[in-house]
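Reading through the structure tokens given below for one structure.
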Amino acid sequence: LRKLKRSGVKIKPDMPGDPALGAEGLIDIGAGFPAYMQGGWSIDRVISRGSRGEGYRCSVEASEPV
């Protein structure tokens, strides 16, 4: 329980690529997502990738800002 409180809630959305995304930045999740995900999140990690089939995509790991 202490570890969960310390680490907080994390999300890992996969989204279209955006070169403006970077660690320590903020991302605002809108109304198209479940209620618990909506609002501001602090980006911990971004993995960018590209392929002919999928195009440019980003995997983001984010946590609730403190």
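Labels for the structure tokens follow display order: chains A, B, ..., residues from 1 in each chain, ligands from 1.
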
Practice task
Please identify all polymer residues within 7 Å of Ala62 in chain A, counting only C-alpha atoms, omitting same-chain residues fewer than 4 positions from it, and present them as JSON, numbers by chain.
Solution key: {"A": [10, 11, 12, 41, 42, 43, 44, 45]}

Problem - Residue neighbourhood Ser48 in chain A, 12 Å, only C-alpha atoms, exclusion window fewer than 5 positions, as number ranges by chain - result: A: 14-23, 54-61

Writing out the chosen residues with N, CA and C atoms as an mmCIF file, in the first residue's frame:
```cif
data_model
loop_
_atom_site.group_PDB
_atom_site.id
_atom_site.type_symbol
_atom_site.label_atom_id
_atom_site.label_comp_id
_atom_site.auth_asym_id
_atom_site.auth_seq_id
_atom_site.Cartn_x
_atom_site.Cartn_y
_atom_site.Cartn_z
ATOM 1 N N ASP A 14 -0.941 4.452 -26.052
ATOM 2 C CA ASP A 14 -0.247 4.382 -27.329
ATOM 3 C C ASP A 14 -0.990 5.343 -28.248
ATOM 4 N N MET A 15 -0.276 6.288 -28.853
ATOM 5 C CA MET A 15 -0.947 7.342 -29.606
ATOM 6 C C MET A 15 -0.193 7.700 -30.873
ATOM 7 N N PRO A 16 -0.839 8.456 -31.750
ATOM 8 C CA PRO A 16 -0.132 8.938 -32.940
ATOM 9 C C PRO A 16 1.104 9.729 -32.524
ATOM 10 N N GLY A 17 2.135 9.655 -33.341
ATOM 11 C CA GLY A 17 3.395 10.321 -33.021
ATOM 12 C C GLY A 17 3.280 11.829 -32.900
ATOM 13 N N ASP A 18 4.043 12.381 -31.977
ATOM 14 C CA ASP A 18 4.092 13.820 -31.767
ATOM 15 C C ASP A 18 5.502 14.172 -31.294
ATOM 16 N N PRO A 19 6.303 14.877 -32.107
ATOM 17 C CA PRO A 19 7.666 15.191 -31.698
ATOM 18 C C PRO A 19 7.744 16.115 -30.486
ATOM 19 N N ALA A 20 6.637 16.745 -30.096
ATOM 20 C CA ALA A 20 6.634 17.632 -28.934
ATOM 21 C C ALA A 20 6.563 16.856 -27.614
ATOM 22 N N LEU A 21 6.244 15.560 -27.658
ATOM 23 C CA LEU A 21 6.170 14.763 -26.431
ATOM 24 C C LEU A 21 7.574 14.462 -25.929
ATOM 25 N N GLY A 22 7.787 14.632 -24.629
ATOM 26 C CA GLY A 22 9.085 14.336 -24.037
ATOM 27 C C GLY A 22 8.955 14.126 -22.548
ATOM 28 N N ALA A 23 9.921 13.413 -21.988
ATOM 29 C CA ALA A 23 9.930 13.157 -20.545
ATOM 30 C C ALA A 23 9.944 14.476 -19.778
ATOM 31 N N GLU A 54 2.234 0.968 -39.627
ATOM 32 C CA GLU A 54 1.598 1.713 -38.538
ATOM 33 C C GLU A 54 1.807 3.217 -38.633
ATOM 34 N N GLY A 55 2.810 3.670 -39.362
ATOM 35 C CA GLY A 55 3.131 5.099 -39.393
ATOM 36 C C GLY A 55 3.936 5.482 -38.160
ATOM 37 N N TYR A 56 3.918 6.750 -37.806
ATOM 38 C CA TYR A 56 4.654 7.288 -36.666
ATOM 39 C C TYR A 56 3.787 7.185 -35.416
ATOM 40 N N ARG A 57 4.247 6.466 -34.394
ATOM 41 C CA ARG A 57 3.489 6.241 -33.156
ATOM 42 C C ARG A 57 4.379 6.527 -31.943
ATOM 43 N N CYS A 58 3.753 6.837 -30.819
ATOM 44 C CA CYS A 58 4.450 7.049 -29.547
ATOM 45 C C CYS A 58 3.774 6.239 -28.452
ATOM 46 N N SER A 59 4.578 5.557 -27.656
ATOM 47 C CA SER A 59 4.109 4.905 -26.438
ATOM 48 C C SER A 59 4.545 5.791 -25.288
ATOM 49 N N VAL A 60 3.598 6.189 -24.460
ATOM 50 C CA VAL A 60 3.876 7.133 -23.372
ATOM 51 C C VAL A 60 3.608 6.455 -22.047
ATOM 52 N N GLU A 61 4.500 6.673 -21.080
ATOM 53 C CA GLU A 61 4.257 6.257 -19.702
ATOM 54 C C GLU A 61 4.130 7.556 -18.900
#
```

Practice task
From the DSSP assignment of the backbone, select every residue of chain A that is strand (DSSP E or B), and format the answer as a ChimeraX atom specification.
Solution key: /A:10-11,14-16,26-29,39-51,55-63

Problem - Option closest in space to Leu26 in chain A, from A:Gly53, A:Gly40, A:Gly8, A:Pro13 [counting only C-alpha atoms] - result: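 Of A:Gly53, A:Gly40, A:Gly8, A:Pro13, the one nearest Leu26 in chain A, counting only C-alpha atoms, is A:Gly40.
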
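As for CA of Tyr36 in chain A and CA of Ser63 in chain A, they are spaced 12.0 Å apart.
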